[in-house]
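Coordinates from data-v4.tsv are shown below (TSV, C-alpha atoms and all ligand atoms).
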chain	number	residue	atom	x	y	z
A	210	MET	CA	0.00	0.00	0.00
A	211	SER	CA	1.44	3.39	-0.97
A	212	ASP	CA	1.76	6.34	1.42
A	213	ASP	CA	-1.02	8.08	-0.47
A	214	ASP	CA	-3.35	5.11	0.00
A	215	SER	CA	-2.71	4.97	3.70
A	216	LYS	CA	-3.31	8.74	4.05
A	217	ARG	CA	-6.54	8.35	2.09
A	218	ILE	CA	-7.72	5.51	4.33
A	219	GLN	CA	-6.82	7.55	7.40
A	220	SER	CA	-8.79	10.51	6.09
A	221	ILE	CA	-11.86	8.38	5.25
A	222	HIS	CA	-11.67	6.80	8.71
A	223	HIS	CA	-11.50	10.22	10.32
A	224	ASP	CA	-14.44	11.54	8.26
A	225	LEU	CA	-16.56	8.54	9.18
A	226	HIS	CA	-15.95	9.24	12.86
A	227	SER	CA	-16.48	12.99	12.71
A	228	ASP	CA	-19.65	12.97	10.59
A	229	LEU	CA	-22.22	12.16	13.24
A	230	PRO	CA	-25.76	11.76	11.85
A	231	ALA	CA	-27.67	15.04	11.66
A	232	GLU	CA	-30.39	13.71	13.94
A	233	PRO	CA	-28.81	10.91	15.97
A	234	ALA	CA	-31.58	11.04	18.57
A	235	LEU	CA	-34.21	10.47	15.89
A	236	ARG	CA	-32.29	7.56	14.43
A	237	VAL	CA	-31.96	5.95	17.84
A	238	LYS	CA	-35.68	6.43	18.48
A	239	ALA	CA	-36.55	4.89	15.10
A	240	LEU	CA	-34.32	1.91	15.79
A	241	GLU	CA	-35.73	1.49	19.29
A	242	SER	CA	-39.34	1.62	17.98
A	243	LEU	CA	-38.55	-0.99	15.35
A	244	LEU	CA	-36.92	-3.35	17.87
A	245	ILE	CA	-39.87	-2.98	20.26
A	246	GLU	CA	-42.35	-3.58	17.41
A	247	LYS	CA	-40.51	-6.78	16.45
A	248	GLY	CA	-40.55	-7.93	20.08
A	249	MET	CA	-36.76	-7.87	20.26
A	250	LEU	CA	-36.53	-5.22	22.94
A	251	ASP	CA	-38.49	-4.51	26.10
A	252	PRO	CA	-38.92	-0.74	26.58
A	253	LYS	CA	-38.65	-1.26	30.36
A	254	THR	CA	-35.12	-2.57	29.87
A	255	VAL	CA	-34.12	0.60	28.03
A	256	ASP	CA	-35.62	2.80	30.75
A	257	ALA	CA	-33.91	0.80	33.50
A	258	TRP	CA	-30.57	0.99	31.68
A	259	ILE	CA	-30.85	4.75	31.26
A	260	GLU	CA	-31.82	5.20	34.89
A	261	VAL	CA	-28.85	3.19	36.13
A	262	TYR	CA	-26.36	5.19	34.09
A	263	THR	CA	-27.85	8.62	34.75
A	264	GLU	CA	-29.07	8.32	38.35
A	265	GLU	CA	-27.25	5.48	40.06
A	266	ILE	CA	-23.82	5.47	38.45
A	267	GLY	CA	-23.84	8.99	37.05
A	268	PRO	CA	-20.54	10.50	38.11
A	269	LYS	CA	-21.05	9.32	41.71
A	270	ARG	CA	-18.73	6.35	41.39
A	271	GLY	CA	-16.00	8.57	40.00
A	272	ALA	CA	-16.45	10.94	42.95
A	273	VAL	CA	-16.01	8.01	45.38
A	274	VAL	CA	-12.83	6.97	43.55
A	275	VAL	CA	-11.46	10.53	43.87
A	276	ALA	CA	-12.38	10.86	47.56
A	277	LYS	CA	-10.74	7.50	48.34
A	278	ALA	CA	-7.57	8.58	46.52
A	279	TRP	CA	-7.48	11.82	48.54
A	280	LEU	CA	-7.84	9.91	51.82
A	281	ASP	CA	-5.68	6.85	51.16
A	282	PRO	CA	-2.20	7.46	49.70
A	283	GLU	CA	-1.72	3.76	48.96
A	284	PHE	CA	-5.00	3.60	46.99
A	285	ARG	CA	-3.98	6.78	45.13
A	286	LYS	CA	-0.70	5.13	44.10
A	287	ARG	CA	-2.50	2.02	42.88
A	288	LEU	CA	-5.09	4.15	41.05
A	289	LEU	CA	-2.45	6.12	39.16
A	290	ALA	CA	-0.41	3.00	38.39
A	291	ASP	CA	-3.34	0.88	37.14
A	292	GLY	CA	-6.74	2.56	37.04
A	293	THR	CA	-8.63	-0.56	35.98
A	294	ALA	CA	-7.26	-2.68	38.84
A	295	ALA	CA	-7.97	0.08	41.38
A	296	ILE	CA	-11.62	0.55	40.38
A	297	THR	CA	-12.03	-3.22	40.28
A	298	GLU	CA	-11.14	-3.21	44.03
A	299	LEU	CA	-14.24	-1.03	44.52
A	300	GLY	CA	-16.43	-3.17	42.26
A	301	PHE	CA	-16.71	-0.33	39.74
A	302	GLU	CA	-15.15	-2.04	36.74
A	303	GLY	CA	-17.42	-2.45	33.77
A	304	TRP	CA	-18.60	-0.79	30.62
A	305	ALA	CA	-15.77	1.04	28.87
A	306	THR	CA	-13.23	0.85	31.66
A	307	ALA	CA	-11.36	-2.35	30.79
A	308	HIS	CA	-8.46	-0.03	29.91
A	309	PHE	CA	-8.75	2.95	32.18
A	310	LYS	CA	-6.13	5.55	33.10
A	311	VAL	CA	-6.33	8.21	35.79
A	312	VAL	CA	-4.29	11.40	35.36
A	313	GLU	CA	-3.60	13.62	38.34
A	314	ASN	CA	-3.91	17.40	38.57
A	315	THR	CA	-1.25	19.19	40.61
A	316	SER	CA	-0.52	22.83	41.35
A	317	VAL	CA	1.43	23.01	38.05
A	318	ILE	CA	-0.40	20.46	35.85
A	319	HIS	CA	-3.97	20.51	34.64
A	320	ASN	CA	-5.41	17.57	32.68
A	321	LEU	CA	-8.24	17.76	30.18
A	322	ILE	CA	-10.01	14.75	28.65
A	323	VAL	CA	-11.52	14.63	25.20
A	324	CYS	CA	-12.35	12.06	22.54
A	325	THR	CA	-11.42	13.73	19.28
A	326	LEU	CA	-12.97	11.02	17.10
A	327	CYS	CA	-16.32	10.46	18.79
A	328	SER	CA	-17.29	10.30	22.46
A	329	CYS	CA	-15.25	7.60	24.22
A	330	TYR	CA	-15.84	7.97	27.95
A	331	PRO	CA	-15.32	5.88	31.12
A	332	HIS	CA	-19.03	5.01	31.51
A	333	SER	CA	-18.72	2.65	34.47
A	334	VAL	CA	-17.38	5.44	36.70
A	335	LEU	CA	-18.81	8.62	35.11
A	336	GLY	CA	-22.14	7.40	33.69
A	337	ILE	CA	-23.36	9.01	30.48
A	338	PRO	CA	-21.28	11.82	28.94
A	339	PRO	CA	-22.74	15.34	28.85
A	340	ASN	CA	-23.93	16.48	25.43
A	341	TRP	CA	-21.20	19.09	25.05
A	342	TYR	CA	-18.55	16.33	25.37
A	343	LYS	CA	-19.85	14.86	22.10
A	344	THR	CA	-19.96	18.11	20.10
A	345	ALA	CA	-17.54	18.77	17.25
A	346	ALA	CA	-16.74	22.15	18.85
A	347	TYR	CA	-15.46	20.59	22.06
A	348	ARG	CA	-13.72	17.71	20.30
A	349	SER	CA	-11.72	20.00	18.04
A	350	HIS	CA	-11.10	22.97	20.36
A	351	ALA	CA	-9.98	20.91	23.35
A	352	VAL	CA	-6.85	19.93	21.43
A	353	ARG	CA	-6.22	23.16	19.49
A	354	ASP	CA	-6.99	25.61	22.27
A	355	PRO	CA	-7.41	23.89	25.63
A	356	ARG	CA	-6.97	27.15	27.57
A	357	GLY	CA	-9.70	28.77	25.48
A	358	VAL	CA	-12.04	25.85	26.19
A	359	LEU	CA	-11.27	26.04	29.91
A	360	ALA	CA	-11.98	29.79	29.84
A	361	GLU	CA	-15.42	29.04	28.34
A	362	PHE	CA	-16.06	26.86	31.38
A	363	GLY	CA	-15.00	29.73	33.62
A	364	GLU	CA	-11.52	28.39	34.42
A	365	THR	CA	-8.63	30.76	33.81
A	366	LEU	CA	-5.35	28.99	34.47
A	367	PRO	CA	-2.15	30.83	35.39
A	368	ASP	CA	0.58	30.68	32.70
A	369	ASP	CA	2.77	28.45	34.86
A	370	VAL	CA	0.15	25.68	34.89
A	371	GLU	CA	0.81	23.21	32.10
A	372	VAL	CA	-2.32	21.90	30.35
A	373	ARG	CA	-2.18	18.27	29.22
A	374	VAL	CA	-4.87	17.02	26.85
A	375	TRP	CA	-5.64	13.29	26.78
A	376	ASP	CA	-7.43	11.83	23.76
A	377	SER	CA	-9.68	8.95	24.83
A	378	THR	CA	-10.19	6.07	22.46
A	379	ALA	CA	-12.20	2.87	22.50
A	380	GLU	CA	-9.00	1.18	23.72
A	381	LEU	CA	-8.08	3.57	26.54
A	382	ARG	CA	-10.29	5.98	28.49
A	383	TYR	CA	-9.20	8.61	30.95
A	384	MET	CA	-10.42	10.31	34.11
A	385	VAL	CA	-8.89	13.29	35.93
A	386	LEU	CA	-7.99	13.08	39.61
A	387	PRO	CA	-8.61	16.67	40.72
A	388	GLU	CA	-6.65	18.39	43.49
A	389	ARG	CA	-8.09	18.13	46.98
A	390	PRO	CA	-9.30	21.59	48.03
A	391	ALA	CA	-7.57	23.23	50.97
A	392	GLY	CA	-9.49	23.27	54.24
A	393	THR	CA	-10.92	19.76	53.80
A	394	GLU	CA	-8.32	17.95	55.96
A	395	ALA	CA	-10.88	16.77	58.51
A	396	TRP	CA	-13.54	15.75	55.99
A	397	ASN	CA	-14.73	12.16	55.62
A	398	GLU	CA	-15.08	10.26	52.35
A	399	GLU	CA	-18.75	11.00	51.82
A	400	ARG	CA	-18.34	14.73	52.33
A	401	LEU	CA	-15.26	14.84	50.09
A	402	ALA	CA	-17.06	12.88	47.34
A	403	GLY	CA	-19.81	15.50	47.49
A	404	LEU	CA	-17.32	18.13	46.33
A	405	VAL	CA	-16.26	16.26	43.21
A	406	THR	CA	-18.08	17.30	40.05
A	407	ARG	CA	-18.38	15.36	36.82
A	408	ASN	CA	-16.67	18.21	34.98
A	409	ALA	CA	-13.73	18.10	37.41
A	410	MET	CA	-13.17	14.46	36.40
A	411	ILE	CA	-13.30	15.44	32.70
A	412	GLY	CA	-11.04	18.40	33.41
A	413	THR	CA	-13.28	21.33	32.44
A	414	HIS	CA	-13.65	22.28	36.11
A	415	ARG	CA	-10.48	22.79	38.19
A	416	ALA	CA	-11.15	24.75	41.34
A	417	LEU	CA	-13.35	22.45	43.42
A	418	GLY	CA	-15.45	23.87	46.17
A	419	THR	CA	-16.54	26.68	43.92
A	420	GLU	CA	-19.64	26.87	41.76
A	421	SER	CA	-19.31	25.18	38.38
A	422	THR	CA	-20.07	27.72	35.72
A	423	ARG	CA	-21.26	27.28	32.16
A	424	HIS	CA	-22.27	23.97	30.60
A	425	GLY	CA	-23.33	22.53	33.96
B	501	FE	FE	-14.64	8.06	20.89

Written as structure tokens, how would this file's structure read?
Ligand code: FE
Amino acid sequence: MSDDDSKRIQSIHHDLHSDLPAEPALRVKALESLLIEKGMLDPKTVDAWIEVYTEEIGPKRGAVVVAKAWLDPEFRKRLLADGTAAITELGFEGWATAHFKVVENTSVIHNLIVCTLCSCYPHSVLGIPPNWYKTAAYRSHAVRDPRGVLAEFGETLPDDVEVRVWDSTAELRYMVLPERPAGTEAWNEERLAGLVTRNAMIGTHRALGTESTRHG
């Protein structure tokens, strides 16, 4: 295969991923209706599935993982060394986290997660991704202008903070371990987990303990 051929294949592959259907929700609904009509799908199963991922899992599991890492230095080490093994300890392994990596924010490093091709996301710890995560605007700008994207979310980072962007794929999905806010030294796990927002674990929210701004 010539270089040109491989570039062409790459470009077709990229286009296929970036051209989401104009009305994906409608297509899903049409498919769902058809499967129900044919007796291949029980609508109650779909509702239950959605409820589990939005209400029960949501980002709550991720917040527990973060709070545990803040409280237990040995768990934090294991989490950063092998994210999948660490969440398996908590019984949180599952959909889309067979290869899972946690990246840690520090006073001089900020991490931002994106999936430039589609919407790869660590579902078993963060639930269902927000709509903005799937938009072409976020997917392209997060890589080209991460500071600009963060500013849109109300986060202005000092120049000495390095921004690292991690591109999730179907093979490897990321989550951010945010910094523990000052003044929380005496807090227990439940209270700490309550501080952790979904956006902080995607990296569009940095300063925990403050109100999340745009995009919820
Ligand atoms: Fe993806």

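Excluding range 285-289 of chain A and any residue on its chain fewer than 4 positions from it, the residues at most 8 Å away by all atoms listed in the file are Lys277, Ala278, Trp279, Asp281, Thr293, Ala294, Ala295, Ile296, Lys310, Val311, Val312 and Glu313 of chain A.
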
For C-alpha atoms, I'd like the residues from the last selection saved as a compact mmCIF listing (two decimals), keeping the file's coordinate frame.
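What landed in selection_24.txt:
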# COMPACT_ATOMS: atom_id res chain seq x y z
CA LYS A 277 -10.74 7.50 48.34
CA ALA A 278 -7.57 8.58 46.52
CA TRP A 279 -7.48 11.82 48.54
CA ASP A 281 -5.68 6.85 51.16
CA THR A 293 -8.63 -0.56 35.98
CA ALA A 294 -7.26 -2.68 38.84
CA ALA A 295 -7.97 0.08 41.38
CA ILE A 296 -11.62 0.55 40.38
CA LYS A 310 -6.13 5.55 33.10
CA VAL A 311 -6.33 8.21 35.79
CA VAL A 312 -4.29 11.40 35.36
CA GLU A 313 -3.60 13.62 38.34

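All residues, whether protein, DNA or RNA, that have an atom at most 6 Å from ligand FE 501 (chain B) (counting only C-alpha atoms and all ligand atoms) are Cys324, Leu326, Cys327, Ser328, Cys329, Thr378 and Ala379 of chain A.
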
Those same residues - C-alpha atoms - I'd like them written as a PDB file, in the frame of the given file.
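The result, written out as part.pdb:
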ATOM      1  CA  CYS A 324     -12.350  12.060  22.540  1.00  0.00           C
ATOM      2  CA  LEU A 326     -12.970  11.020  17.100  1.00  0.00           C
ATOM      3  CA  CYS A 327     -16.320  10.460  18.790  1.00  0.00           C
ATOM      4  CA  SER A 328     -17.290  10.300  22.460  1.00  0.00           C
ATOM      5  CA  CYS A 329     -15.250   7.600  24.220  1.00  0.00           C
ATOM      6  CA  THR A 378     -10.190   6.070  22.460  1.00  0.00           C
ATOM      7  CA  ALA A 379     -12.200   2.870  22.500  1.00  0.00           C
TER       8      ALA A 379
END

Write out as a PDB file with C-alpha atoms, in the coordinates of the input each polymer residue whose atoms come within 7 Å of Ser377 in chain A, counting all atoms listed in the file; drop sequence neighbours fewer than 5 positions from it.
ATOM      1  CA  ILE A 322     -10.010  14.750  28.650  1.00  0.00           C
ATOM      2  CA  VAL A 323     -11.520  14.630  25.200  1.00  0.00           C
ATOM      3  CA  CYS A 324     -12.350  12.060  22.540  1.00  0.00           C
ATOM      4  CA  CYS A 329     -15.250   7.600  24.220  1.00  0.00           C
ATOM      5  CA  TYR A 330     -15.840   7.970  27.950  1.00  0.00           C
ATOM      6  CA  ARG A 382     -10.290   5.980  28.490  1.00  0.00           C
ATOM      7  CA  TYR A 383      -9.200   8.610  30.950  1.00  0.00           C
TER       8      TYR A 383
END

From the list A:Pro355, A:Leu417, A:Thr344, A:Ala391, the nearest residue to Thr325 in chain A using all atoms listed in the file is A:Thr344

From CA of Pro387 in chain A to CA of Ala409 in chain A the spacing works out at 6.3 Å

Margin query: Which residues are near Val261 in chain A? Cut-off 12 Å, only C-alpha atoms, ignore same chain within fewer than 6 positions. Put them as a count of residues only.
Written below: 12

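Taking all atoms listed in the file into account, Leu321 in chain A lies nearest to A:Gly412 out of the set A:Pro252, A:Pro233, A:Gly412, A:Gly418.
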
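The nearest approach to Leu386 in chain A among the residues A:Gly357, A:Gly292, A:Pro339, A:Pro367, with only C-alpha atoms taken into account, belongs to A:Gly292.
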
What separates CA of Gly271 in chain A and CA of Val370 in chain A is a distance of 24.1 Å

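Distances to Val405 in chain A were evaluated for A:His308, A:Arg356, A:Arg389, A:His350 using only C-alpha atoms, and the minimum falls at A:Arg389.
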
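When all atoms listed in the file are used to compute distances to His414 in chain A, the closest of the residues A:Leu240, A:Leu366, A:Ile266, A:Ala257 turns out to be A:Leu366.
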
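Taking CA of Leu404 in chain A and CA of Ser349 in chain A as endpoints, the distance between them is 28.9 Å.
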
Counting all atoms listed in the file, closest pick from A:Leu280, A:Leu250, A:Leu243, A:Leu235 relative to Asn397 in chain A is A:Leu280
